[in-house]
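Asks: structure_13.pdb is reproduced in full below (PDB, C-alpha atoms and all ligand atoms).
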```
MODEL        1
ATOM      1  CA  MET B   6      -8.972   0.127 -24.007
ATOM      2  CA  SER B   7     -12.270   1.272 -22.691
ATOM      3  CA  ARG B   8     -12.161   2.843 -19.291
ATOM      4  CA  ARG B   9     -15.347   3.456 -17.330
ATOM      5  CA  LYS B  10     -15.776   7.207 -16.994
ATOM      6  CA  ILE B  11     -15.839   8.614 -13.478
ATOM      7  CA  VAL B  12     -17.302  11.937 -12.374
ATOM      8  CA  ALA B  13     -16.731  12.935  -8.750
ATOM      9  CA  GLY B  14     -18.253  15.858  -6.880
ATOM     10  CA  ASN B  15     -15.901  17.609  -4.488
ATOM     11  CA  TRP B  16     -18.257  19.574  -2.282
ATOM     12  CA  LYS B  17     -15.309  21.086  -0.374
ATOM     13  CA  MET B  18     -16.421  22.870   2.851
ATOM     14  CA  ASN B  19     -19.932  23.671   1.632
ATOM     15  CA  LEU B  20     -23.610  22.927   2.382
ATOM     16  CA  ASP B  21     -25.271  22.053   5.659
ATOM     17  CA  ARG B  22     -26.659  18.696   6.716
ATOM     18  CA  ALA B  23     -30.151  19.248   5.307
ATOM     19  CA  LYS B  24     -28.803  20.454   1.963
ATOM     20  CA  ALA B  25     -26.305  17.590   1.829
ATOM     21  CA  LYS B  26     -29.186  15.142   2.271
ATOM     22  CA  GLU B  27     -31.291  16.887  -0.344
ATOM     23  CA  LEU B  28     -28.510  16.967  -2.946
ATOM     24  CA  THR B  29     -27.656  13.322  -2.312
ATOM     25  CA  ALA B  30     -31.274  12.269  -2.747
ATOM     26  CA  ALA B  31     -31.544  14.266  -5.984
ATOM     27  CA  VAL B  32     -28.378  12.731  -7.452
ATOM     28  CA  ALA B  33     -29.383   9.218  -6.358
ATOM     29  CA  ALA B  34     -32.848   9.605  -7.896
ATOM     30  CA  ARG B  35     -31.421  10.748 -11.217
ATOM     31  CA  ILE B  36     -28.469   8.363 -11.565
ATOM     32  CA  ALA B  37     -29.892   7.013 -14.842
ATOM     33  CA  GLU B  38     -29.022  10.360 -16.483
ATOM     34  CA  ALA B  39     -25.337   9.545 -15.962
ATOM     35  CA  GLY B  40     -25.596   6.524 -18.261
ATOM     36  CA  SER B  41     -22.530   4.349 -17.820
ATOM     37  CA  THR B  42     -20.561   7.022 -15.930
ATOM     38  CA  GLU B  43     -19.585   6.150 -12.382
ATOM     39  CA  LEU B  44     -20.611   8.845  -9.885
ATOM     40  CA  VAL B  45     -18.852   9.693  -6.633
ATOM     41  CA  LEU B  46     -19.939  12.193  -3.975
ATOM     42  CA  CYS B  47     -17.239  13.653  -1.720
ATOM     43  CA  PRO B  48     -18.975  15.626   1.037
ATOM     44  CA  PRO B  49     -17.209  17.271   3.980
ATOM     45  CA  ALA B  50     -16.076  14.666   6.544
ATOM     46  CA  ALA B  51     -18.756  15.911   8.944
ATOM     47  CA  TYR B  52     -21.487  14.829   6.524
ATOM     48  CA  LEU B  53     -20.056  11.544   5.252
ATOM     49  CA  GLU B  54     -22.364   9.588   7.506
ATOM     50  CA  THR B  55     -25.432  11.592   6.446
ATOM     51  CA  VAL B  56     -24.656  11.278   2.750
ATOM     52  CA  GLY B  57     -23.739   7.603   3.134
ATOM     53  CA  ALA B  58     -27.046   6.930   4.885
ATOM     54  CA  ALA B  59     -28.999   8.779   2.176
ATOM     55  CA  LEU B  60     -27.246   6.729  -0.524
ATOM     56  CA  HIS B  61     -27.918   3.548   1.410
ATOM     57  CA  ALA B  62     -31.594   4.443   1.857
ATOM     58  CA  ALA B  63     -31.883   4.950  -1.897
ATOM     59  CA  ALA B  64     -29.993   1.674  -2.549
ATOM     60  CA  SER B  65     -27.872   3.845  -4.790
ATOM     61  CA  ALA B  66     -24.867   2.855  -6.877
ATOM     62  CA  VAL B  67     -23.459   6.353  -6.368
ATOM     63  CA  ALA B  68     -20.166   5.949  -4.502
ATOM     64  CA  LEU B  69     -19.019   7.878  -1.439
ATOM     65  CA  GLY B  70     -15.590   9.474  -1.106
ATOM     66  CA  GLY B  71     -13.612  11.467   1.443
ATOM     67  CA  GLN B  72     -11.872  14.742   0.607
ATOM     68  CA  ASN B  73      -8.721  13.978   2.575
ATOM     69  CA  MET B  74      -7.381  11.612   5.236
ATOM     70  CA  HIS B  75      -4.351  10.955   7.432
ATOM     71  CA  ASP B  76      -1.901   8.249   6.421
ATOM     72  CA  LYS B  77      -1.916   6.468   9.786
ATOM     73  CA  PRO B  78      -4.676   4.028  10.769
ATOM     74  CA  SER B  79      -5.092   5.545  14.273
ATOM     75  CA  GLY B  80      -3.263   7.577  16.863
ATOM     76  CA  ALA B  81      -2.737  10.971  18.462
ATOM     77  CA  PHE B  82      -3.542  13.156  15.450
ATOM     78  CA  THR B  83      -6.100  15.676  16.669
ATOM     79  CA  GLY B  84      -8.630  16.674  14.050
ATOM     80  CA  GLU B  85      -7.636  14.043  11.505
ATOM     81  CA  VAL B  86      -9.588  11.231   9.865
ATOM     82  CA  ALA B  87      -8.019   7.764   9.463
ATOM     83  CA  PRO B  88      -8.333   5.558   6.361
ATOM     84  CA  PRO B  89     -10.224   2.770   8.197
ATOM     85  CA  MET B  90     -12.700   5.398   9.442
ATOM     86  CA  LEU B  91     -13.498   6.419   5.865
ATOM     87  CA  LEU B  92     -13.942   2.773   4.976
ATOM     88  CA  ASP B  93     -16.169   2.280   8.005
ATOM     89  CA  LEU B  94     -18.373   5.156   6.822
ATOM     90  CA  GLY B  95     -18.846   3.414   3.486
ATOM     91  CA  CYS B  96     -16.313   5.356   1.427
ATOM     92  CA  ARG B  97     -14.840   3.694  -1.635
ATOM     93  CA  TYR B  98     -12.793   6.717  -2.725
ATOM     94  CA  VAL B  99     -10.678   9.455  -1.191
ATOM     95  CA  ILE B 100      -9.381  12.613  -2.841
ATOM     96  CA  LEU B 101      -5.687  13.113  -2.031
ATOM     97  CA  GLY B 102      -3.332  16.010  -2.671
ATOM     98  CA  HIS B 103      -5.973  18.431  -3.919
ATOM     99  CA  SER B 104      -4.315  21.745  -4.750
ATOM    100  CA  GLU B 105      -6.092  23.364  -1.798
ATOM    101  CA  ARG B 106      -4.484  20.764   0.472
ATOM    102  CA  ARG B 107      -1.122  21.355  -1.175
ATOM    103  CA  THR B 108      -1.175  25.156  -1.114
ATOM    104  CA  LEU B 109      -3.261  25.963   1.988
ATOM    105  CA  PHE B 110      -2.266  23.030   4.199
ATOM    106  CA  GLY B 111       1.303  22.403   3.096
ATOM    107  CA  GLU B 112       0.897  18.907   1.666
ATOM    108  CA  THR B 113       3.953  17.711  -0.211
ATOM    109  CA  ASP B 114       4.394  14.905  -2.732
ATOM    110  CA  PRO B 115       5.931  12.550  -0.108
ATOM    111  CA  ARG B 116       2.931  13.171   2.142
ATOM    112  CA  VAL B 117       0.478  12.547  -0.692
ATOM    113  CA  ASN B 118       2.467   9.419  -1.534
ATOM    114  CA  ALA B 119       2.188   8.127   2.054
ATOM    115  CA  LYS B 120      -1.556   8.798   1.947
ATOM    116  CA  ALA B 121      -1.975   7.052  -1.405
ATOM    117  CA  LYS B 122      -0.224   3.953  -0.047
ATOM    118  CA  ALA B 123      -2.330   4.064   3.128
ATOM    119  CA  ALA B 124      -5.550   4.441   1.129
ATOM    120  CA  LEU B 125      -4.734   1.434  -1.033
ATOM    121  CA  ALA B 126      -3.700  -0.606   2.013
ATOM    122  CA  ALA B 127      -7.057   0.210   3.633
ATOM    123  CA  GLY B 128      -9.010  -0.765   0.513
ATOM    124  CA  LEU B 129      -9.845   2.768  -0.615
ATOM    125  CA  THR B 130      -9.292   4.070  -4.154
ATOM    126  CA  PRO B 131      -7.265   7.278  -4.088
ATOM    127  CA  ILE B 132      -8.085  10.122  -6.460
ATOM    128  CA  VAL B 133      -4.634  11.706  -6.629
ATOM    129  CA  CYS B 134      -4.627  15.338  -7.754
ATOM    130  CA  VAL B 135      -1.849  17.068  -9.651
ATOM    131  CA  GLY B 136      -1.641  20.341 -11.551
ATOM    132  CA  GLU B 137       0.420  23.425 -12.243
ATOM    133  CA  THR B 138      -0.154  27.013 -11.135
ATOM    134  CA  LEU B 139      -0.634  29.866 -13.609
ATOM    135  CA  GLU B 140       2.890  31.083 -12.951
ATOM    136  CA  GLU B 141       4.273  27.630 -13.679
ATOM    137  CA  ARG B 142       2.256  27.313 -16.898
ATOM    138  CA  GLU B 143       3.271  30.751 -18.090
ATOM    139  CA  GLY B 144       6.871  29.931 -17.247
ATOM    140  CA  GLY B 145       6.680  26.875 -19.518
ATOM    141  CA  ARG B 146       7.030  24.527 -16.537
ATOM    142  CA  THR B 147       3.778  22.548 -16.781
ATOM    143  CA  GLU B 148       5.427  19.328 -17.917
ATOM    144  CA  GLU B 149       8.160  19.508 -15.280
ATOM    145  CA  VAL B 150       5.734  20.275 -12.432
ATOM    146  CA  VAL B 151       3.206  17.609 -13.376
ATOM    147  CA  THR B 152       5.977  15.044 -13.906
ATOM    148  CA  THR B 153       7.418  15.738 -10.448
ATOM    149  CA  GLN B 154       3.995  15.526  -8.812
ATOM    150  CA  VAL B 155       3.001  12.295 -10.561
ATOM    151  CA  ARG B 156       6.333  10.596  -9.865
ATOM    152  CA  GLY B 157       6.435  11.827  -6.255
ATOM    153  CA  SER B 158       2.806  11.157  -5.368
ATOM    154  CA  LEU B 159       2.747   7.672  -6.879
ATOM    155  CA  ALA B 160       6.293   6.542  -6.030
ATOM    156  CA  GLY B 161       6.713   2.937  -5.003
ATOM    157  CA  LEU B 162       3.212   1.749  -5.894
ATOM    158  CA  LEU B 163       3.087  -1.764  -7.319
ATOM    159  CA  PRO B 164       1.611  -2.069 -10.813
ATOM    160  CA  ALA B 165      -1.445  -3.831  -9.345
ATOM    161  CA  GLU B 166      -1.969  -0.826  -7.044
ATOM    162  CA  LEU B 167      -1.256   1.771  -9.689
ATOM    163  CA  GLU B 168      -3.928   0.465 -12.030
ATOM    164  CA  LYS B 169      -6.584   1.077  -9.365
ATOM    165  CA  VAL B 170      -5.618   4.698  -8.752
ATOM    166  CA  VAL B 171      -7.576   7.569 -10.273
ATOM    167  CA  VAL B 172      -5.454  10.586 -11.206
ATOM    168  CA  ALA B 173      -7.048  14.030 -11.409
ATOM    169  CA  TYR B 174      -5.319  16.656 -13.507
ATOM    170  CA  GLU B 175      -6.420  19.990 -12.101
ATOM    171  CA  PRO B 176      -4.570  23.056 -13.354
ATOM    172  CA  VAL B 177      -4.618  25.330 -10.304
ATOM    173  CA  TRP B 178      -5.436  28.359 -12.469
ATOM    174  CA  ALA B 179      -8.661  26.673 -13.593
ATOM    175  CA  ILE B 180      -9.987  25.740 -10.148
ATOM    176  CA  GLY B 181     -12.919  27.885  -9.083
ATOM    177  CA  THR B 182     -11.932  30.591 -11.544
ATOM    178  CA  GLY B 183     -14.294  29.882 -14.428
ATOM    179  CA  LYS B 184     -11.202  29.516 -16.648
ATOM    180  CA  VAL B 185     -11.379  25.984 -17.975
ATOM    181  CA  ALA B 186      -8.370  24.517 -19.769
ATOM    182  CA  THR B 187      -9.051  24.045 -23.461
ATOM    183  CA  PRO B 188      -9.730  20.418 -24.369
ATOM    184  CA  GLN B 189      -6.372  20.432 -26.217
ATOM    185  CA  GLN B 190      -4.450  21.815 -23.224
ATOM    186  CA  ALA B 191      -6.054  19.213 -20.976
ATOM    187  CA  GLN B 192      -5.538  16.323 -23.409
ATOM    188  CA  GLU B 193      -1.865  17.211 -23.775
ATOM    189  CA  VAL B 194      -1.281  16.914 -20.028
ATOM    190  CA  HIS B 195      -3.467  13.812 -19.723
ATOM    191  CA  ALA B 196      -1.380  12.124 -22.419
ATOM    192  CA  LEU B 197       1.774  13.133 -20.538
ATOM    193  CA  ILE B 198       0.388  11.648 -17.314
ATOM    194  CA  ARG B 199      -0.510   8.408 -19.095
ATOM    195  CA  SER B 200       2.969   8.105 -20.528
ATOM    196  CA  LEU B 201       4.458   8.743 -17.055
ATOM    197  CA  LEU B 202       2.249   5.979 -15.656
ATOM    198  CA  GLY B 203       3.547   3.779 -18.441
ATOM    199  CA  SER B 204       7.100   4.430 -17.330
ATOM    200  CA  LEU B 205       6.212   3.845 -13.652
ATOM    201  CA  ALA B 206       4.553   0.506 -14.441
ATOM    202  CA  SER B 207       3.825  -0.512 -18.031
ATOM    203  CA  PRO B 208       1.769   0.816 -20.954
ATOM    204  CA  ALA B 209      -0.816  -1.893 -20.215
ATOM    205  CA  VAL B 210      -1.222  -0.624 -16.650
ATOM    206  CA  ALA B 211      -1.281   3.006 -17.809
ATOM    207  CA  ALA B 212      -4.056   2.159 -20.254
ATOM    208  CA  LYS B 213      -6.259   1.072 -17.339
ATOM    209  CA  VAL B 214      -5.811   4.171 -15.172
ATOM    210  CA  ARG B 215      -8.632   6.680 -15.210
ATOM    211  CA  ILE B 216      -7.480  10.277 -15.467
ATOM    212  CA  GLN B 217     -10.023  12.956 -14.580
ATOM    213  CA  TYR B 218      -9.857  16.594 -15.537
ATOM    214  CA  GLY B 219     -10.795  19.184 -12.913
ATOM    215  CA  GLY B 220     -11.093  22.958 -12.930
ATOM    216  CA  SER B 221     -14.281  24.867 -13.774
ATOM    217  CA  VAL B 222     -15.982  21.892 -15.425
ATOM    218  CA  LYS B 223     -19.589  22.785 -16.267
ATOM    219  CA  PRO B 224     -22.294  21.036 -18.298
ATOM    220  CA  ASP B 225     -21.564  23.293 -21.270
ATOM    221  CA  ASN B 226     -17.834  22.536 -21.481
ATOM    222  CA  ALA B 227     -17.921  18.890 -20.406
ATOM    223  CA  ALA B 228     -18.711  17.345 -23.796
ATOM    224  CA  ASP B 229     -15.606  18.791 -25.466
ATOM    225  CA  LEU B 230     -13.438  17.551 -22.608
ATOM    226  CA  ALA B 231     -15.149  14.141 -22.688
ATOM    227  CA  ALA B 232     -14.347  13.828 -26.394
ATOM    228  CA  GLN B 233     -10.598  13.755 -25.684
ATOM    229  CA  PRO B 234      -9.063  10.265 -25.758
ATOM    230  CA  ASP B 235      -7.248  10.496 -22.405
ATOM    231  CA  ILE B 236      -9.888  12.357 -20.385
ATOM    232  CA  ASP B 237     -11.802   9.730 -18.444
ATOM    233  CA  GLY B 238     -14.040  11.871 -16.298
ATOM    234  CA  ALA B 239     -14.129  14.980 -14.175
ATOM    235  CA  LEU B 240     -13.452  16.111 -10.627
ATOM    236  CA  VAL B 241     -16.064  18.795 -10.129
ATOM    237  CA  GLY B 242     -16.103  21.487  -7.453
ATOM    238  CA  GLY B 243     -18.610  24.334  -7.764
ATOM    239  CA  ALA B 244     -20.876  22.635 -10.293
ATOM    240  CA  SER B 245     -21.209  19.533  -8.086
ATOM    241  CA  LEU B 246     -23.305  21.527  -5.608
ATOM    242  CA  LYS B 247     -26.257  21.574  -8.006
ATOM    243  CA  ALA B 248     -27.827  18.276  -9.084
ATOM    244  CA  ASP B 249     -28.673  19.624 -12.550
ATOM    245  CA  ASP B 250     -25.103  20.713 -13.240
ATOM    246  CA  PHE B 251     -23.465  17.641 -11.737
ATOM    247  CA  LEU B 252     -25.713  15.293 -13.692
ATOM    248  CA  GLY B 253     -25.313  17.369 -16.831
ATOM    249  CA  ILE B 254     -21.551  16.840 -16.599
ATOM    250  CA  ALA B 255     -21.973  13.129 -15.877
ATOM    251  CA  LYS B 256     -24.255  12.836 -18.893
ATOM    252  CA  ALA B 257     -21.652  14.457 -21.134
ATOM    253  CA  PHE B 258     -19.210  11.728 -20.090
ATOM    254  CA  GLY B 259     -21.722   8.901 -20.158
ATOM    255  CA  GLY B 260     -23.577   9.596 -23.363
TER
HETATM  256  P1  LIG E 301     -14.142  23.804  -9.563
HETATM  257  O1  LIG E 301     -13.224  22.935  -8.563
HETATM  258  O2  LIG E 301     -14.931  22.811 -10.394
HETATM  259  O3  LIG E 301     -15.007  24.624  -8.670
HETATM  260  O4  LIG E 301     -13.217  24.614 -10.408
HETATM  261  C1  LIG E 301     -12.604  21.761  -8.987
HETATM  262  C2  LIG E 301     -11.867  21.126  -7.840
HETATM  263  O5  LIG E 301     -11.267  21.845  -7.032
HETATM  264  O6  LIG E 301     -11.852  19.886  -7.707
ENDMDL
END
```
In structure tokens, write the structure found in this file.
Replies:
Amino acid sequence: MSRRKIVAGNWKMNLDRAKAKELTAAVAARIAEAGSTELVLCPPAAYLETVGAALHAAASAVALGGQNMHDKPSGAFTGEVAPPMLLDLGCRYVILGHSERRTLFGETDPRVNAKAKAALAAGLTPIVCVGETLEEREGGRTEEVVTTQVRGSLAGLLPAELEKVVVAYEPVWAIGTGKVATPQQAQEVHALIRSLLGSLASPAVAAKVRIQYGGSVKPDNAADLAAQPDIDGALVGGASLKADDFLGIAKAFGG
């Protein structure tokens, strides 16, 4: 089963409007370096329109994604962004349940699940993040934690919905720390996630789902991760803020 690789840049709460434009233009101009890898840019909500316009101006195949959203289509939810709004801004993807959302903003699996269903209903592809903390890994609880998160975040999705979802395995201890999981550690969890998806739907559906690795991915460690059979791309934080690094990672997955 060949799955198209997908590398997404999670800019988090970084850059200003001018820099967002500049980075978008640089990535769009150099998309050929990514080969067959699909590229997604996830700027802060405030710059989605700017980045979307820059991609449009470049007639770029680079996709746009949100970093978060509410699960309701509209209503009295001050400060939130609704799924149809992301769609309206040209987003095809939305990151859901990132560990920063889970730990800093109290997002639970049921909440991530509601958002995943809302994203799919709106026509957006969710990038659903899971991953254990250092304490959990050292306590031998990685499998249990990831299993609970996958089952909880993706509960009740129909097989036809599940096969569209992108899952991102991001060990919390590797995010922004420079400590990347070894390709073997990552592959082990990716294989676990794929077998869980198989039990939620079927092995045929699980074989279609793209599972990204995230956590200190850089151009110099991307090739070893890309060589693993169940690693289908990367969710990139820090390194996505530089065109050279982001494209270097994409190239490692698209070569
Ligand atoms: P990092 O972040 O690449 O800076 O470790 C990854 C992420 O949080 O998605």
Asks: From the options B:Glu85, B:Asp250, B:Glu143, B:Glu168, which residue's atoms come nearest to ligand LIG 301 (chain E), counting only C-alpha atoms and all ligand atoms?
Replies: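 Distance minimum relative to ligand LIG 301 (chain E) lands on B:Asp250.
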Asks: Could you work out how far atom CA of Tyr218 of chain B lies from atom CA of Leu240 of chain B, giving the answer in Å with one decimal?
Replies: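 Between these atoms lies a distance of 6.1 Å.
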Asks: Report as a ChimeraX atom specification the residues that result from applying the PyMOL selection byres (((chain B and resi 223-238) around 10) and not hetatm) to the structure here.
Replies: /B:7-13,42-44,171-174,183,185-199,212,214-222,239-245,249-260
Asks: Could you tell me, as a PyMOL selection string, exactly which residues end up selected when the PyMOL selection byres (((chain B and resi 19) around 9) and not hetatm) is applied to this structure?
Replies: chain B and resi 16-18+20-21+25+48-49+246
Asks: Nearest to ligand LIG 301 (chain E): which of B:Val67, B:Leu205, B:Ile180, B:Met90 is it, counting only C-alpha atoms and all ligand atoms?
Replies: B:Ile180
Asks: Pick out the closest residue to Asp76 of chain B from this set: B:Ala119, B:Ala39, B:Val45, B:Leu92. Count all atoms listed in the file.
Replies: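 Result for the nearest residue to Asp76 of chain B: B:Ala119.
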Asks: Counting all atoms listed in the file, which of B:Glu149, B:Glu112, B:Glu166, B:Glu175 gets nearest to ligand LIG 301 (chain E)?
Replies: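 Of the candidates, the smallest distance to ligand LIG 301 (chain E) is held by B:Glu175.
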Asks: Just give me the gap between atom CA of Cys96 of chain B and atom CA of Leu201 of chain B in Å, one decimal is fine.
Replies: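 It comes out at 28.0 Å.
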Asks: Take every atom of ligand LIG 301 (chain E) listed in the file, pad by 3 Å on each side, and give me the axis-aligned box centre and edge lengths in Å, one decimal, as lines of an AutoDock Vina configuration file.
Replies:
```
center_x = -13.1
center_y = 22.3
center_z = -8.7
size_x = 9.7
size_y = 10.7
size_z = 9.4
```
Asks: Between atom CA of Ala121 of chain B and atom CA of Leu202 of chain B, measure the distance and give it in Å to one decimal.
Replies: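 Atom-to-atom, atom CA of Ala121 of chain B and atom CA of Leu202 of chain B are spaced 14.9 Å apart.
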Asks: Can you list what the PyMOL selection byres (((chain B and resi 176) around 6) and not hetatm) grabs from this structure, as a list in words?
Replies: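 Against this file, the PyMOL selection byres (((chain B and resi 176) around 6) and not hetatm) returns the residues Gly136, Glu137, Glu175, Val177, Trp178 and Ala179 of chain B.
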Asks: How would the residues just picked look written out with C-alpha atoms as a short mmCIF file (atom, residue, chain, number, x, y, z; two decimals), in the frame of the given file?
Replies:
```cif
data_model
loop_
_atom_site.label_atom_id
_atom_site.label_comp_id
_atom_site.auth_asym_id
_atom_site.auth_seq_id
_atom_site.Cartn_x
_atom_site.Cartn_y
_atom_site.Cartn_z
CA GLY B 136 -1.64 20.34 -11.55
CA GLU B 137 0.42 23.42 -12.24
CA GLU B 175 -6.42 19.99 -12.10
CA VAL B 177 -4.62 25.33 -10.30
CA TRP B 178 -5.44 28.36 -12.47
CA ALA B 179 -8.66 26.67 -13.59
#
```
Asks: Would you pick out the contacts of Pro78 of chain B at 9 Å or less, using only C-alpha atoms, so that residues sharing its chain but fewer than 2 positions from it are not included, and give the list as a ChimeraX atom specification?
Replies: /B:75-76,80,86-90,123,127
Asks: Give me the residues near Leu163 of chain B as a PyMOL selection string, where near means some atom within 12 Å (using all atoms listed in the file) and where sequence neighbours in that chain fewer than 6 positions away do not count.
Replies: chain B and resi 121-122+125-126+169-170+202+205-207+210
Asks: Quick one: of B:Glu105, B:Asp114, B:Glu38, B:Glu27, who's nearest to ligand LIG 301 (chain E), counting all atoms listed in the file?
Replies: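 Ranking B:Glu105, B:Asp114, B:Glu38, B:Glu27 by distance to ligand LIG 301 (chain E), first place goes to B:Glu105.
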Asks: Write out as a list in words each polymer residue whose atoms come within 10 Å of Asn118 of chain B, counting only C-alpha atoms; drop sequence neighbours fewer than 4 positions from it.
Replies: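 Close residues of Asn118 of chain B: Asp76, Leu101, Gly102, Thr113, Asp114, Lys122, Ala123, Ala124, Val133, Gln154, Val155, Arg156, Gly157, Ser158, Leu159, Ala160, Gly161 and Leu162 of chain B.
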Asks: Just the residues within 9 Å of Leu53 of chain B, please, counting all atoms listed in the file, with nothing from its chain fewer than 5 positions along; format it as JSON, numbers by chain.
Replies: {"B": [47, 48, 58, 69, 70, 71, 91, 94, 95, 96]}
Asks: Would you mind telling me which residue in B:Thr147, B:Thr108, B:Ser65, B:Thr182 lies nearest to ligand LIG 301 (chain E) when using all atoms listed in the file?
Replies: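 Among B:Thr147, B:Thr108, B:Ser65, B:Thr182, it is B:Thr182 that comes nearest to ligand LIG 301 (chain E).
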